[in-house]
Amino acid sequence: MITISGPAADALRVLTPEQITFIQNLPKAELHAHLNGSIPISVLQELAQEHLASLASSETISNDLIRSGINTLMSGPTLNEIHDFFDLFPAIYALMTTPVALARAVRAVLSLFLDGENPQCTYLELRTTPKATSEMSREEYLRVVLKEMKANGSDRVGLIVSMDRKMAPDAMGECVKLAKMLKAEGEPVVGVDLCGDPTAGDPAAFRTYFKEAKEAGLGITLHIAETIYNTSRDTLELLSFSPDRLGHATFLDEEARNIVAEKNACIEICLSSNLLCKTVPTLDAHHIRHYLKHEHPIAICTDDALPFRTSLLGEYALLMAPQPFGLGLSEEEVRVVSKMSMNCRFVPKP
C-alpha cells in the first residue's frame, strides 16, 4: 500500500463517507502512472534487503546510496523544486535490473491500482522506460512487464513505452521499434511517451521517432511545458508532433493553449505532483481551472504515487473537497471528469 499524506490526505479527511464511496464507484482511468514511481515502499524495502544481503554491487550506484534513497522514500521526500524529484530514482533503478525484481515490482503496482474491494481505477495505462542491464535487454524488460500485465487481463491495462529526453538516438529508435513490434504481435502496447528532465534535449530531434510511432497507430503522449524554463519554441515544436495527450502542460502560453484547444488534446492532470514539486503555488491557482472552465478533456492522474504519497482516490478527493482543501466540484462535475478519463484512453488501433 501507499501511505497517503499531504494535499490528498487533507482532501480525503474533509469528505464524507458517502462522497468517498461516490468517488470509489466512479468508472475512471489512470492514464499517467509511472511504474518506478508507483512501487509500494514495502516491495522496495524487500528488494533492497535482498540486494544488500546478497553482497552484490549495483551497476549504477553504491549500496550506501541505495540505503539512503530507500530511507528518503520511506520518510517522505521534501521537494524544493521539480528537479529535486529526479534525484529520488537512482536507488529504485538500481533495484530493477533483473527480470525477477522487475516482475515483482510490476505485480505490486498492478495490484495497487486494480485489486481489492474498491480498485483505484477501472482501467490503467502504466508507463515505463525500458532499460538495458547486464541481466536483460530492453526487449526482455518490456516482455517481463507485458507478461505481468496480461495476467491481469489486457482489457484492464495497457503499456505506454516511455522515452527519456536524455536517451541517445539509437536507444530512442530501439524503443519505438520495440513498441511497434510488440503491438504488431498483439501485446497490449498502446502508446509512447516523452519523459525525463523537462529541460534536456532538443525537441526537434525527437520528431522522427514520434512520427514513426504515430504512423504505427500508437497513441502519443508528451510531458510538456512542465517548468518555467521550457521555452515557447520547444513547446510549439512538441505540439507539432500532433500528440493525443499532454502530461502536465503547466506552463502553456496563449498560443500553445489555442493549439491544444483546437486539437482537443487531453491534458493529464497530476494535482499532488504539481503542488509538491511547486510548479503551481496553490490548488486554486492550478491550470486545471482553465480546462474545467472551457470543458476541455482532462484525466486526473497520480503521476508517481510513492514519492507524492497519493492515490487516485486522493486525487479525485482534491476535486471534490471544499476549498481550501480542494476545488469544491459537485458530484456531477466529478462524474464528467471521470468519464473524460475513460474516453481518453489509448484504445489499441488495428
# chains A, B, ... in the order shown; residues from 1 in each chain; ligands from 1
>>> residues_around(residues="Val43 of chain A", least_positions_apart="2", cutoff="8 Å", atoms="only C-alpha atoms", output="list in words")
Ile39, Pro40, Ile41, Gln45, Glu46, Leu47, Arg104, Ala105 and Ala108 of chain A
>>> write_last_selection(atoms="all heavy atoms", output="mmCIF file, in the first residue's frame")
data_model
loop_
_atom_site.group_PDB
_atom_site.id
_atom_site.type_symbol
_atom_site.label_atom_id
_atom_site.label_comp_id
_atom_site.auth_asym_id
_atom_site.auth_seq_id
_atom_site.Cartn_x
_atom_site.Cartn_y
_atom_site.Cartn_z
ATOM 1 N N ILE A 39 5.804 1.982 -7.178
ATOM 2 C CA ILE A 39 6.085 0.735 -6.456
ATOM 3 C C ILE A 39 5.892 0.951 -4.951
ATOM 4 O O ILE A 39 6.471 1.885 -4.380
ATOM 5 C CB ILE A 39 7.531 0.265 -6.722
ATOM 6 C CG1 ILE A 39 7.783 0.114 -8.228
ATOM 7 C CG2 ILE A 39 7.809 -1.057 -6.005
ATOM 8 C CD1 ILE A 39 9.246 -0.094 -8.583
ATOM 9 N N PRO A 40 5.096 0.133 -4.301
ATOM 10 C CA PRO A 40 4.925 0.283 -2.848
ATOM 11 C C PRO A 40 6.263 0.207 -2.125
ATOM 12 O O PRO A 40 7.132 -0.595 -2.476
ATOM 13 C CB PRO A 40 4.009 -0.891 -2.483
ATOM 14 C CG PRO A 40 3.258 -1.191 -3.750
ATOM 15 C CD PRO A 40 4.239 -0.934 -4.854
ATOM 16 N N ILE A 41 6.436 1.027 -1.109
ATOM 17 C CA ILE A 41 7.709 1.094 -0.393
ATOM 18 C C ILE A 41 8.046 -0.248 0.247
ATOM 19 O O ILE A 41 9.233 -0.611 0.360
ATOM 20 C CB ILE A 41 7.683 2.225 0.673
ATOM 21 C CG1 ILE A 41 9.097 2.468 1.233
ATOM 22 C CG2 ILE A 41 6.688 1.930 1.758
ATOM 23 C CD1 ILE A 41 10.107 2.936 0.242
ATOM 24 N N GLN A 45 11.626 -2.041 -0.081
ATOM 25 C CA GLN A 45 12.399 -2.440 1.104
ATOM 26 C C GLN A 45 12.844 -3.898 1.003
ATOM 27 O O GLN A 45 13.998 -4.224 1.275
ATOM 28 C CB GLN A 45 11.570 -2.237 2.373
ATOM 29 C CG GLN A 45 11.392 -0.790 2.791
ATOM 30 C CD GLN A 45 10.502 -0.693 4.019
ATOM 31 O OE1 GLN A 45 9.289 -0.831 3.938
ATOM 32 N NE2 GLN A 45 11.127 -0.481 5.164
ATOM 33 N N GLU A 46 11.929 -4.761 0.584
ATOM 34 C CA GLU A 46 12.264 -6.176 0.441
ATOM 35 C C GLU A 46 13.356 -6.369 -0.608
ATOM 36 O O GLU A 46 14.323 -7.113 -0.383
ATOM 37 C CB GLU A 46 11.015 -6.968 0.036
ATOM 38 C CG GLU A 46 9.960 -7.070 1.120
ATOM 39 C CD GLU A 46 8.665 -7.638 0.583
ATOM 40 O OE1 GLU A 46 8.640 -8.039 -0.611
ATOM 41 O OE2 GLU A 46 7.677 -7.685 1.338
ATOM 42 N N LEU A 47 13.209 -5.699 -1.746
ATOM 43 C CA LEU A 47 14.196 -5.837 -2.811
ATOM 44 C C LEU A 47 15.554 -5.289 -2.376
ATOM 45 O O LEU A 47 16.601 -5.864 -2.692
ATOM 46 C CB LEU A 47 13.711 -5.119 -4.069
ATOM 47 C CG LEU A 47 12.517 -5.760 -4.785
ATOM 48 C CD1 LEU A 47 11.991 -4.843 -5.882
ATOM 49 C CD2 LEU A 47 12.902 -7.115 -5.371
ATOM 50 N N ARG A 104 8.295 -8.600 -9.870
ATOM 51 C CA ARG A 104 7.689 -8.368 -8.553
ATOM 52 C C ARG A 104 7.166 -6.945 -8.438
ATOM 53 O O ARG A 104 6.075 -6.700 -7.895
ATOM 54 C CB ARG A 104 8.719 -8.640 -7.456
ATOM 55 C CG ARG A 104 8.890 -10.106 -7.156
ATOM 56 C CD ARG A 104 10.061 -10.372 -6.240
ATOM 57 N NE ARG A 104 9.912 -9.779 -4.911
ATOM 58 C CZ ARG A 104 10.856 -9.867 -3.980
ATOM 59 N NH1 ARG A 104 11.998 -10.502 -4.240
ATOM 60 N NH2 ARG A 104 10.668 -9.321 -2.785
ATOM 61 N N ALA A 105 7.936 -6.003 -8.933
ATOM 62 C CA ALA A 105 7.515 -4.606 -8.866
ATOM 63 C C ALA A 105 6.260 -4.376 -9.705
ATOM 64 O O ALA A 105 5.316 -3.702 -9.264
ATOM 65 C CB ALA A 105 8.643 -3.702 -9.347
ATOM 66 N N ALA A 108 3.176 -5.762 -8.028
ATOM 67 C CA ALA A 108 2.762 -4.931 -6.892
ATOM 68 C C ALA A 108 2.043 -3.674 -7.356
ATOM 69 O O ALA A 108 1.049 -3.258 -6.748
ATOM 70 C CB ALA A 108 3.976 -4.560 -6.044
#
>>> select_by_dssp(residues="segment 51-91 of chain A", states="helix (DSSP H, G or I)", output="list in words")
His51, Leu52, Ala53, Asn63, Asp64, Leu65, Ile66, Arg67, Ser68, Gly69, Ile70, Asn71, Thr72, Leu73, Met74, Ser75, Ile82, His83, Asp84, Phe85, Phe86, Pro90 and Ala91 of chain A
>>> atom_distance(atom1="atom CA of Ala216 of chain A", atom2="atom CA of Lys263 of chain A")
19.9 Å
>>> select_by_dssp(residues="segment 30-121 of chain A", states="strand (DSSP E or B)", output="ChimeraX atom specification")
/A:30-34
>>> residues_around(residues="Ala179 of chain A", least_positions_apart="4", cutoff="12 Å", atoms="only C-alpha atoms", output="ChimeraX atom specification")
/A:127-130,138-139,141-143,146,158-163,172-175,183-193,209-210,212-214,216-220
>>> write_last_selection(atoms="C-alpha atoms", output="CSV table (one decimal), in the first residue's frame")
chain,number,residue,atom,x,y,z
A,127,ARG,CA,4.2,3.8,-18.5
A,128,THR,CA,7.9,2.8,-18.2
A,129,THR,CA,11.2,3.4,-19.9
A,130,PRO,CA,12.8,0.1,-20.9
A,138,ARG,CA,15.2,-3.6,-23.5
A,139,GLU,CA,13.1,-6.1,-25.3
A,141,TYR,CA,12.4,-5.7,-20.0
A,142,LEU,CA,9.2,-4.9,-21.9
A,143,ARG,CA,8.3,-8.6,-22.2
A,146,LEU,CA,3.8,-7.3,-20.5
A,158,GLY,CA,-2.2,-1.1,-21.4
A,159,LEU,CA,1.5,-0.3,-21.6
A,160,ILE,CA,3.0,3.1,-22.7
A,161,VAL,CA,6.6,2.8,-23.7
A,162,SER,CA,8.4,5.9,-22.4
A,163,MET,CA,11.4,7.5,-23.9
A,172,MET,CA,15.1,6.1,-28.6
A,173,GLY,CA,14.9,4.4,-32.0
A,174,GLU,CA,15.0,1.0,-30.4
A,175,CYS,CA,12.2,1.9,-28.0
A,183,LYS,CA,1.9,-4.1,-30.7
A,184,ALA,CA,2.0,-6.0,-34.0
A,185,GLU,CA,2.4,-9.2,-32.0
A,186,GLY,CA,-0.9,-8.4,-30.2
A,187,GLU,CA,0.7,-7.3,-27.0
A,188,PRO,CA,-1.2,-4.5,-25.0
A,189,VAL,CA,1.3,-1.8,-26.0
A,190,VAL,CA,-1.0,1.2,-26.6
A,191,GLY,CA,1.3,4.3,-26.8
A,192,VAL,CA,4.6,6.0,-26.4
A,193,ASP,CA,5.6,8.9,-24.1
A,209,TYR,CA,10.6,8.8,-33.5
A,210,PHE,CA,7.1,10.1,-32.6
A,212,GLU,CA,7.1,6.7,-36.7
A,213,ALA,CA,5.1,5.7,-33.6
A,214,LYS,CA,2.0,7.6,-34.7
A,216,ALA,CA,2.1,2.7,-36.5
A,217,GLY,CA,-1.1,3.5,-34.7
A,218,LEU,CA,0.4,4.1,-31.3
A,219,GLY,CA,-1.0,6.8,-29.0
A,220,ILE,CA,1.3,9.8,-28.4
>>> residues_around(residues="segment 84-95 of chain A", least_positions_apart="4", cutoff="8 Å", atoms="only C-alpha atoms", output="list in words")
Asn36, Gly37, Leu44, Leu47, Ala48, His51, Ser58, Glu59, Thr60, Ile61, Leu65, Ile66, Arg67, Gly69, Ile70, Thr72, Leu73, Leu79, Asn80, Ala101, Asp197 and Cys277 of chain A
>>> closest_residue(among="A:Glu226, A:Glu18, A:Asp202, A:Glu215", to="Lys180 of chain A", atoms="only C-alpha atoms")
A:Glu215
>>> residues_around(residues="segment 309-319 of chain A", least_positions_apart="4", cutoff="7 Å", atoms="only C-alpha atoms", output="tab-separated table (two decimals) with N, CA and C atoms, in the first residue's frame")
chain	number	residue	atom	x	y	z
A	2	ILE	N	0.31	2.35	-0.49
A	2	ILE	CA	0.98	3.64	-0.48
A	2	ILE	C	0.39	4.47	0.67
A	3	THR	N	1.26	5.06	1.47
A	3	THR	CA	0.80	5.94	2.54
A	3	THR	C	0.33	7.26	1.93
A	4	ILE	N	-0.88	7.67	2.27
A	4	ILE	CA	-1.44	8.92	1.74
A	4	ILE	C	-1.16	10.03	2.74
A	5	SER	N	-0.56	11.12	2.25
A	5	SER	CA	-0.32	12.27	3.12
A	5	SER	C	-0.37	13.52	2.25
A	8	ALA	N	-3.52	15.37	-0.73
A	8	ALA	CA	-4.53	14.34	-0.94
A	8	ALA	C	-5.15	13.88	0.38
A	9	ALA	N	-4.31	13.69	1.39
A	9	ALA	CA	-4.83	13.27	2.71
A	9	ALA	C	-5.71	14.35	3.31
A	11	ALA	N	-7.53	16.50	1.72
A	11	ALA	CA	-8.81	16.50	1.00
A	11	ALA	C	-9.68	15.33	1.42
A	12	LEU	N	-9.07	14.15	1.58
A	12	LEU	CA	-9.84	12.97	1.98
A	12	LEU	C	-10.46	13.16	3.36
A	23	ILE	N	-16.84	8.49	-5.13
A	23	ILE	CA	-15.62	8.51	-5.94
A	23	ILE	C	-15.16	7.08	-6.24
A	24	GLN	N	-15.18	6.22	-5.23
A	24	GLN	CA	-14.73	4.85	-5.43
A	24	GLN	C	-15.54	4.13	-6.50
A	120	GLN	N	-8.57	1.21	-7.41
A	120	GLN	CA	-8.38	2.64	-7.65
A	120	GLN	C	-8.96	3.07	-8.99
A	271	LEU	N	-2.44	16.62	-9.76
A	271	LEU	CA	-2.56	17.74	-8.82
A	271	LEU	C	-1.51	17.69	-7.71
A	300	ILE	N	-7.57	12.88	-14.58
A	300	ILE	CA	-6.94	13.03	-13.27
A	300	ILE	C	-6.05	11.81	-13.02
A	301	CYS	N	-4.79	12.07	-12.66
A	301	CYS	CA	-3.79	11.01	-12.57
A	301	CYS	C	-2.92	11.18	-11.33
A	302	THR	N	-2.17	10.12	-10.99
A	302	THR	CA	-1.34	10.15	-9.79
A	302	THR	C	0.11	10.53	-10.09
A	305	ALA	N	2.89	7.75	-7.40
A	305	ALA	CA	2.16	7.65	-6.13
A	305	ALA	C	3.09	7.53	-4.92
A	325	PHE	N	-9.31	22.95	0.79
A	325	PHE	CA	-8.73	21.61	0.71
A	325	PHE	C	-8.86	21.00	-0.68
A	326	GLY	N	-9.77	21.54	-1.47
A	326	GLY	CA	-9.99	21.02	-2.81
A	326	GLY	C	-10.61	22.09	-3.69
A	327	LEU	N	-11.08	21.66	-4.85
A	327	LEU	CA	-11.66	22.59	-5.82
A	327	LEU	C	-13.16	22.79	-5.61
A	328	GLY	N	-13.78	21.95	-4.77
A	328	GLY	CA	-15.19	22.12	-4.47
A	328	GLY	C	-16.13	21.77	-5.61
A	329	LEU	N	-15.73	20.81	-6.46
A	329	LEU	CA	-16.61	20.43	-7.57
A	329	LEU	C	-17.78	19.60	-7.06
A	334	VAL	N	-17.59	16.04	-11.07
A	334	VAL	CA	-16.56	15.00	-10.90
A	334	VAL	C	-16.87	13.81	-11.80
>>> closest_residue(among="A:Arg13, A:Lys131, A:His34, A:His286", to="Leu306 of chain A", atoms="only C-alpha atoms")
A:His34
>>> closest_residue(among="A:Thr221, A:Asn118, A:Asn25, A:Ser137", to="Arg345 of chain A", atoms="only C-alpha atoms")
A:Thr221
>>> closest_residue(among="A:Ala53, A:Val144, A:Met342, A:Val280", to="Thr122 of chain A", atoms="only C-alpha atoms")
A:Met342
>>> closest_residue(among="A:Val106, A:Arg257, A:Asn63, A:Ile269", to="Ala151 of chain A", atoms="only C-alpha atoms")
A:Val106
